[in-house]
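Here is the file my_file-v3.cif (mmCIF, C-alpha atoms).
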data_data
loop_
_atom_site.label_atom_id
_atom_site.label_comp_id
_atom_site.auth_asym_id
_atom_site.auth_seq_id
_atom_site.Cartn_x
_atom_site.Cartn_y
_atom_site.Cartn_z
CA MET A 1 8.23 -32.46 -4.19
CA ASP A 2 6.67 -34.63 -1.48
CA ASP A 3 3.95 -37.17 -2.19
CA ILE A 4 0.46 -35.78 -2.71
CA GLU A 5 -1.78 -36.81 0.16
CA LEU A 6 -5.41 -35.71 0.02
CA GLU A 7 -7.86 -37.60 2.20
CA GLY A 8 -11.45 -37.93 1.04
CA GLN A 9 -10.98 -36.02 -2.23
CA PRO A 10 -11.68 -37.29 -5.75
CA GLU A 11 -8.77 -38.50 -7.89
CA LYS A 12 -9.65 -35.89 -10.50
CA LEU A 13 -11.22 -32.45 -10.15
CA HIS A 14 -11.99 -29.73 -12.68
CA ILE A 15 -13.65 -26.42 -11.82
CA GLN A 16 -15.48 -24.93 -14.80
CA LEU A 17 -14.55 -21.26 -15.29
CA LEU A 18 -15.35 -18.65 -17.92
CA HIS A 19 -12.01 -17.70 -19.50
CA PHE A 20 -10.81 -14.11 -19.79
CA LYS A 21 -7.80 -13.16 -21.89
CA GLN A 22 -5.81 -10.19 -20.62
CA ARG A 23 -5.96 -7.07 -22.75
CA PHE A 24 -2.75 -5.38 -21.66
CA ASN A 25 0.68 -6.45 -20.39
CA TRP A 26 -0.28 -5.63 -16.77
CA ASP A 27 -3.82 -6.95 -16.21
CA CYS A 28 -3.24 -10.72 -15.97
CA GLY A 29 -4.23 -10.62 -12.29
CA ILE A 30 -7.46 -8.76 -12.99
CA SER A 31 -8.24 -11.27 -15.75
CA CYS A 32 -7.82 -14.03 -13.17
CA VAL A 33 -10.23 -12.21 -10.83
CA LEU A 34 -12.73 -11.96 -13.69
CA MET A 35 -12.53 -15.74 -14.14
CA VAL A 36 -13.57 -16.41 -10.54
CA LEU A 37 -16.28 -13.74 -10.14
CA PRO A 38 -19.99 -14.56 -10.43
CA LYS A 39 -21.67 -13.35 -13.63
CA LYS A 40 -23.25 -10.20 -12.13
CA HIS A 41 -19.98 -8.88 -10.67
CA ARG A 42 -17.98 -9.97 -13.71
CA GLN A 43 -20.22 -7.96 -16.01
CA HIS A 44 -19.92 -4.89 -13.77
CA LEU A 45 -16.11 -5.07 -13.76
CA VAL A 46 -15.92 -5.56 -17.52
CA ARG A 47 -18.22 -2.59 -18.17
CA ASN A 48 -16.43 -0.35 -15.68
CA PHE A 49 -12.88 -1.66 -16.04
CA VAL A 50 -10.95 1.62 -16.22
CA LYS A 51 -13.13 3.36 -13.63
CA VAL A 52 -12.78 0.54 -11.09
CA CYS A 53 -9.03 0.20 -11.60
CA LYS A 54 -8.50 3.93 -11.12
CA GLU A 55 -10.74 3.98 -8.04
CA GLU A 56 -8.69 1.11 -6.62
CA GLY A 57 -5.50 3.01 -7.48
CA PHE A 58 -3.78 0.36 -9.56
CA TYR A 59 -4.44 1.24 -13.20
CA GLY A 60 -1.23 0.23 -15.00
CA SER A 61 0.14 -2.38 -12.58
CA THR A 62 -1.26 -4.71 -9.94
CA TRP A 63 0.09 -6.55 -6.92
CA THR A 64 -1.53 -9.53 -5.23
CA VAL A 65 -2.90 -7.37 -2.44
CA ASP A 66 -4.69 -5.27 -5.10
CA LEU A 67 -6.44 -8.39 -6.37
CA CYS A 68 -7.59 -9.11 -2.82
CA TYR A 69 -9.10 -5.63 -2.42
CA LEU A 70 -10.83 -6.19 -5.77
CA LEU A 71 -12.23 -9.53 -4.61
CA LYS A 72 -13.39 -7.85 -1.39
CA ARG A 73 -15.05 -5.09 -3.42
CA TYR A 74 -17.13 -7.78 -5.14
CA GLU A 75 -17.85 -9.66 -1.89
CA MET A 76 -15.81 -12.75 -2.78
CA ASN A 77 -14.58 -14.68 0.26
CA HIS A 78 -10.87 -15.36 0.03
CA ILE A 79 -7.63 -15.70 2.00
CA TYR A 80 -4.30 -14.38 0.77
CA TYR A 81 -1.17 -16.29 1.80
CA THR A 82 2.31 -14.80 1.33
CA VAL A 83 5.76 -15.06 2.86
CA THR A 84 6.27 -11.28 2.71
CA LEU A 85 3.93 -8.69 4.21
CA GLY A 86 4.42 -5.61 2.07
CA VAL A 87 7.01 -4.91 -0.62
CA HIS A 88 10.14 -7.06 -0.33
CA PRO A 89 13.08 -4.65 0.10
CA GLY A 90 15.28 -6.88 -2.06
CA TYR A 91 13.18 -6.18 -5.16
CA LYS A 92 14.66 -2.73 -5.66
CA GLY A 93 17.47 -4.32 -7.63
CA ASN A 94 15.25 -6.68 -9.62
CA SER A 95 14.80 -5.66 -13.27
CA PHE A 96 11.15 -6.78 -13.34
CA TYR A 97 10.18 -4.68 -10.32
CA HIS A 98 12.48 -1.72 -10.86
CA HIS A 99 10.17 0.34 -13.08
CA ILE A 100 7.03 -0.16 -10.97
CA LEU A 101 8.38 0.09 -7.43
CA ASN A 102 8.72 3.87 -7.42
CA LYS A 103 5.04 4.45 -8.12
CA ASP A 104 3.63 1.40 -6.30
CA GLU A 105 5.64 0.86 -3.13
CA SER A 106 3.89 3.30 -0.79
CA ARG A 107 0.42 2.33 -2.05
CA VAL A 108 1.09 -1.41 -1.73
CA ASN A 109 2.55 -1.12 1.78
CA ARG A 110 -0.40 1.03 2.84
CA ARG A 111 -2.85 -1.59 1.55
CA PHE A 112 -1.10 -4.24 3.62
CA GLU A 113 -1.21 -2.02 6.70
CA THR A 114 -4.94 -1.30 6.36
CA ALA A 115 -5.97 -4.77 5.15
CA GLN A 116 -7.42 -5.95 8.47
CA SER A 117 -9.51 -2.80 8.95
CA ASN A 118 -10.81 -3.22 5.39
CA GLY A 119 -11.77 -6.86 5.87
CA VAL A 120 -9.02 -8.25 3.65
CA VAL A 121 -7.59 -11.44 5.20
CA ILE A 122 -3.82 -11.86 4.79
CA GLU A 123 -1.83 -14.68 6.40
CA ARG A 124 1.96 -14.79 6.45
CA ALA A 125 2.67 -18.41 5.55
CA SER A 126 4.36 -20.70 3.04
CA ILE A 127 1.57 -22.85 1.63
CA THR A 128 2.28 -26.42 0.51
CA CYS A 129 1.10 -27.92 -2.75
CA ASN A 130 -1.11 -30.26 -0.72
CA ASN A 131 -2.75 -27.22 0.89
CA ILE A 132 -3.45 -25.77 -2.56
CA LEU A 133 -4.87 -28.96 -4.06
CA ASP A 134 -6.94 -29.58 -0.94
CA HIS A 135 -8.51 -26.11 -1.24
CA LEU A 136 -9.69 -26.73 -4.81
CA MET A 137 -12.71 -28.56 -3.39
CA ASN A 138 -13.82 -25.14 -2.11
CA GLY A 139 -12.94 -22.98 -5.11
CA PRO A 140 -10.17 -21.93 -7.52
CA VAL A 141 -6.76 -20.54 -6.54
CA ILE A 142 -5.12 -17.44 -8.02
CA ILE A 143 -1.34 -17.93 -8.02
CA LEU A 144 1.57 -15.59 -8.76
CA THR A 145 4.17 -17.42 -10.85
CA ASN A 146 7.29 -16.83 -12.88
CA ALA A 147 5.84 -17.00 -16.40
CA ARG A 148 9.16 -18.23 -17.76
CA LEU A 149 8.84 -21.39 -15.67
CA LEU A 150 5.28 -22.28 -16.70
CA ASN A 151 4.59 -24.87 -19.37
CA CYS A 152 1.66 -26.83 -20.79
CA ASP A 153 1.41 -30.49 -21.76
CA VAL A 154 -1.51 -29.75 -24.10
CA CYS A 155 -0.54 -26.66 -26.13
CA LYS A 156 3.22 -27.30 -25.61
CA PHE A 157 3.75 -23.76 -24.33
CA ASN A 158 7.35 -23.46 -23.04
CA LYS A 159 7.90 -27.24 -23.27
CA ILE A 160 11.12 -26.96 -25.31
CA SER A 161 12.54 -24.38 -22.89
CA THR A 162 11.69 -26.68 -19.98
CA GLU A 163 13.50 -29.63 -21.57
CA LEU A 164 16.54 -27.48 -22.37
CA ARG A 165 16.77 -26.28 -18.77
CA LYS A 166 17.04 -29.90 -17.62
CA CYS A 167 20.14 -30.27 -19.78
CA ILE A 168 21.62 -26.80 -19.23
CA PRO A 169 20.49 -25.38 -15.85
CA LEU A 170 20.87 -21.68 -16.58
CA PRO A 171 19.40 -18.96 -14.32
CA VAL A 172 15.89 -17.91 -15.34
CA PRO A 173 14.93 -14.20 -15.15
CA TYR A 174 11.72 -13.34 -13.30
CA GLN A 175 8.54 -12.38 -15.14
CA GLY A 176 5.61 -12.12 -12.74
CA HIS A 177 2.37 -13.58 -14.06
CA TYR A 178 -0.93 -14.66 -12.47
CA VAL A 179 -2.79 -17.84 -13.40
CA VAL A 180 -5.90 -19.55 -12.01
CA LEU A 181 -5.54 -23.10 -10.77
CA CYS A 182 -8.78 -24.94 -11.52
CA GLY A 183 -8.23 -28.66 -11.01
CA TYR A 184 -5.93 -31.65 -10.76
CA ASP A 185 -5.30 -35.28 -11.67
CA LEU A 186 -3.71 -36.88 -8.62
CA ALA A 187 -2.62 -40.14 -10.26
CA ALA A 188 -0.87 -38.26 -13.08
CA ARG A 189 0.53 -35.60 -10.67
CA LYS A 190 -0.86 -32.89 -12.95
CA VAL A 191 -2.71 -29.64 -12.29
CA TYR A 192 -5.16 -27.78 -14.54
CA TYR A 193 -4.88 -24.01 -14.90
CA ARG A 194 -6.08 -21.12 -16.99
CA ASN A 195 -3.48 -18.71 -18.31
CA PRO A 196 -4.87 -15.25 -19.14
CA SER A 197 -2.14 -14.79 -21.77
CA PHE A 198 -4.03 -17.20 -24.01
CA VAL A 199 -7.48 -17.45 -25.53
CA ASP A 200 -9.97 -19.87 -23.98
CA ARG A 201 -8.14 -23.04 -22.99
CA VAL A 202 -7.27 -25.18 -19.99
CA CYS A 203 -3.55 -25.80 -19.65
CA ILE A 204 -1.96 -28.74 -17.83
CA MET A 205 1.39 -28.91 -16.03
CA SER A 206 3.04 -31.18 -13.50
CA VAL A 207 2.88 -30.39 -9.79
CA ASP A 208 6.69 -30.10 -9.86
CA THR A 209 6.46 -27.38 -12.52
CA LEU A 210 3.82 -25.59 -10.46
CA GLU A 211 6.06 -25.67 -7.40
CA GLU A 212 9.05 -24.29 -9.31
CA ALA A 213 7.02 -21.52 -10.97
CA ARG A 214 5.19 -20.35 -7.84
CA LYS A 215 8.25 -20.47 -5.56
CA SER A 216 10.54 -18.61 -7.93
CA TYR A 217 12.26 -15.57 -6.40
CA GLY A 218 9.94 -12.61 -6.94
CA THR A 219 6.62 -14.34 -6.24
CA ASP A 220 6.74 -14.20 -2.41
CA GLU A 221 4.84 -17.51 -2.80
CA ASP A 222 1.65 -15.44 -3.20
CA VAL A 223 -1.54 -17.50 -3.45
CA ILE A 224 -5.18 -16.49 -3.06
CA PHE A 225 -7.66 -19.15 -1.98
CA VAL A 226 -11.06 -18.16 -3.41
CA TYR A 227 -14.17 -19.60 -1.78
CA THR A 228 -17.10 -20.15 -4.13
#
Could you write out this file's structure as structure tokens?
Amino acid sequence: MDDIELEGQPEKLHIQLLHFKQRFNWDCGISCVLMVLPKKHRQHLVRNFVKVCKEEGFYGSTWTVDLCYLLKRYEMNHIYYTVTLGVHPGYKGNSFYHHILNKDESRVNRRFETAQSNGVVIERASITCNNILDHLMNGPVIILTNARLLNCDVCKFNKISTELRKCIPLPVPYQGHYVVLCGYDLAARKVYYRNPSFVDRVCIMSVDTLEEARKSYGTDEDVIFVYT
């Protein structure tokens, strides 16, 4: 990727977050929302998890727009950037999306259509890595990634797979997964993130890995800038 250019920002930044491990195979996004909520709202969502999810209409699977409505519910300022407004028509043939599109498509498209009237800010744009790192001075970033392309320099998650792909560039299937970006080290070209698949830990990956994982086909380059 291009050089990282951030004017007036510290060389290193780390946002302290309370970690939440996902409980099911579908709630990684909600776990990310829990990590960025203030204590009062976090406690309410934890206590009323099933009730809130069912009221929001997404119990069993979430899309990025659902996370935005959840953030709005708890009065968290945010902006959602994506390259696709609504459900991408090409996903009907994708194995990851196939089983959830039938029940989610109309709801998701409706939430996009009514976002403005509900105070949910959505911008159609491809956000650069510089944009993302620059925002971290204002708060964390929730990012949709391909989980198969994530790795960690600390816990060595997926490191062997990453090295093998450099030698044998095979196609990687899509597995949508949300993480929270919570810092960076500019000199090392590394970013810090929390992965709700794991117990309490801060993972580290290169900015190049981040770019590959978040721009994988299936993500729509979805990012949520949270303002704290």
* If the PyMOL selection byres ((chain A and resi 54-65) around 9) is run on the structure shown, which residues does it catch, given as a ChimeraX atom specification? -> /A:24-30,49-53,66-70,80,86,100,104,107-108,111-112,115,120,122,143-144,178,222-224
* To do: Carefully work through the PyMOL selection byres ((chain A and resi 15) around 6) for this structure and note down the residues it includes, as a list in words.
  =>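 When the PyMOL selection byres ((chain A and resi 15) around 6) is applied to the shown file, the picked residues are His14, Gln16, Cys182 and Gly183 of chain A.
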* Name every residue that the PyMOL selection byres ((chain A and resi 208-220) around 10) selects in this structure, writing the answer as a VMD selection string with chains first and numbers rising. => chain A and resid 1 to 2 64 81 to 88 90 to 91 94 96 to 97 125 to 126 128 to 129 143 to 152 162 172 to 178 181 189 to 191 193 204 to 207 221 to 223
Write out, as a JSON list (two decimals), keeping the file's coordinate frame, the residues just selected, with C-alpha atoms.
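Done, and the output landed in selection.json:
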[["chain", "number", "residue", "atom", "x", "y", "z"],
["A", 1, "MET", "CA", 8.23, -32.46, -4.19],
["A", 2, "ASP", "CA", 6.67, -34.63, -1.48],
["A", 64, "THR", "CA", -1.53, -9.53, -5.23],
["A", 81, "TYR", "CA", -1.17, -16.29, 1.80],
["A", 82, "THR", "CA", 2.31, -14.80, 1.33],
["A", 83, "VAL", "CA", 5.76, -15.06, 2.86],
["A", 84, "THR", "CA", 6.27, -11.28, 2.71],
["A", 85, "LEU", "CA", 3.93, -8.69, 4.21],
["A", 86, "GLY", "CA", 4.42, -5.61, 2.07],
["A", 87, "VAL", "CA", 7.01, -4.91, -0.62],
["A", 88, "HIS", "CA", 10.14, -7.06, -0.33],
["A", 90, "GLY", "CA", 15.28, -6.88, -2.06],
["A", 91, "TYR", "CA", 13.18, -6.18, -5.16],
["A", 94, "ASN", "CA", 15.25, -6.68, -9.62],
["A", 96, "PHE", "CA", 11.15, -6.78, -13.34],
["A", 97, "TYR", "CA", 10.18, -4.68, -10.32],
["A", 125, "ALA", "CA", 2.67, -18.41, 5.55],
["A", 126, "SER", "CA", 4.36, -20.70, 3.04],
["A", 128, "THR", "CA", 2.28, -26.42, 0.51],
["A", 129, "CYS", "CA", 1.10, -27.92, -2.75],
["A", 143, "ILE", "CA", -1.34, -17.93, -8.02],
["A", 144, "LEU", "CA", 1.57, -15.59, -8.76],
["A", 145, "THR", "CA", 4.17, -17.42, -10.85],
["A", 146, "ASN", "CA", 7.29, -16.83, -12.88],
["A", 147, "ALA", "CA", 5.84, -17.00, -16.40],
["A", 148, "ARG", "CA", 9.16, -18.23, -17.76],
["A", 149, "LEU", "CA", 8.84, -21.39, -15.67],
["A", 150, "LEU", "CA", 5.28, -22.28, -16.70],
["A", 151, "ASN", "CA", 4.59, -24.87, -19.37],
["A", 152, "CYS", "CA", 1.66, -26.83, -20.79],
["A", 162, "THR", "CA", 11.69, -26.68, -19.98],
["A", 172, "VAL", "CA", 15.89, -17.91, -15.34],
["A", 173, "PRO", "CA", 14.93, -14.20, -15.15],
["A", 174, "TYR", "CA", 11.72, -13.34, -13.30],
["A", 175, "GLN", "CA", 8.54, -12.38, -15.14],
["A", 176, "GLY", "CA", 5.61, -12.12, -12.74],
["A", 177, "HIS", "CA", 2.37, -13.58, -14.06],
["A", 178, "TYR", "CA", -0.93, -14.66, -12.47],
["A", 181, "LEU", "CA", -5.54, -23.10, -10.77],
["A", 189, "ARG", "CA", 0.53, -35.60, -10.67],
["A", 190, "LYS", "CA", -0.86, -32.89, -12.95],
["A", 191, "VAL", "CA", -2.71, -29.64, -12.29],
["A", 193, "TYR", "CA", -4.88, -24.01, -14.90],
["A", 204, "ILE", "CA", -1.96, -28.74, -17.83],
["A", 205, "MET", "CA", 1.39, -28.91, -16.03],
["A", 206, "SER", "CA", 3.04, -31.18, -13.50],
["A", 207, "VAL", "CA", 2.88, -30.39, -9.79],
["A", 221, "GLU", "CA", 4.84, -17.51, -2.80],
["A", 222, "ASP", "CA", 1.65, -15.44, -3.20],
["A", 223, "VAL", "CA", -1.54, -17.50, -3.45]]
* Asked: What does the distance between CA of Glu7 (chain A) and CA of Arg124 (chain A) come to in Å, to one decimal place?
  ->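 Separation of CA of Glu7 (chain A) and CA of Arg124 (chain A): 25.2 Å.
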* Asked: Using all atoms listed in the file, which of the listed residues (A:Tyr74, A:Phe157, A:Phe198, A:Tyr184) sits closest to Pro140 (chain A)?
  ->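 Ranking A:Tyr74, A:Phe157, A:Phe198, A:Tyr184 by distance to Pro140 (chain A), first place goes to A:Tyr184.
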* Please indicate the distance in Å from CA of Gly139 (chain A) to CA of Arg110 (chain A), rounded to one decimal place. => 28.2 Å
* To do: Record the distance separating CA of Ile142 (chain A) and CA of Glu105 (chain A), expressed in Å with one decimal.
  => 21.8 Å
* To do: Find the residue from A:Leu133, A:Val46, A:Val141, A:Leu18 that sits nearest to Leu186 (chain A); use all atoms listed in the file when measuring.
  =>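 The answer is A:Leu133, which sits nearest to Leu186 (chain A).
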* In terms of the shortest atom-to-atom distance over only C-alpha atoms, which of A:Arg73, A:His135, A:Arg42, A:His78 is closest to His19 (chain A)? ->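 Ranked by minimum distance to His19 (chain A), first place goes to A:Arg42.
If you measure from each of A:Lys103, A:Lys72, A:His44, A:Arg23 to Val226 (chain A) using all atoms listed in the file, the closest one turns out to be A:Lys72.
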* Selected residue of minimal separation from Ser31 (chain A) among A:Leu71, A:Ala188, A:Ile4, A:Leu136, counting all atoms listed in the file ->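 Closest to Ser31 (chain A) of all the choices is A:Leu71.
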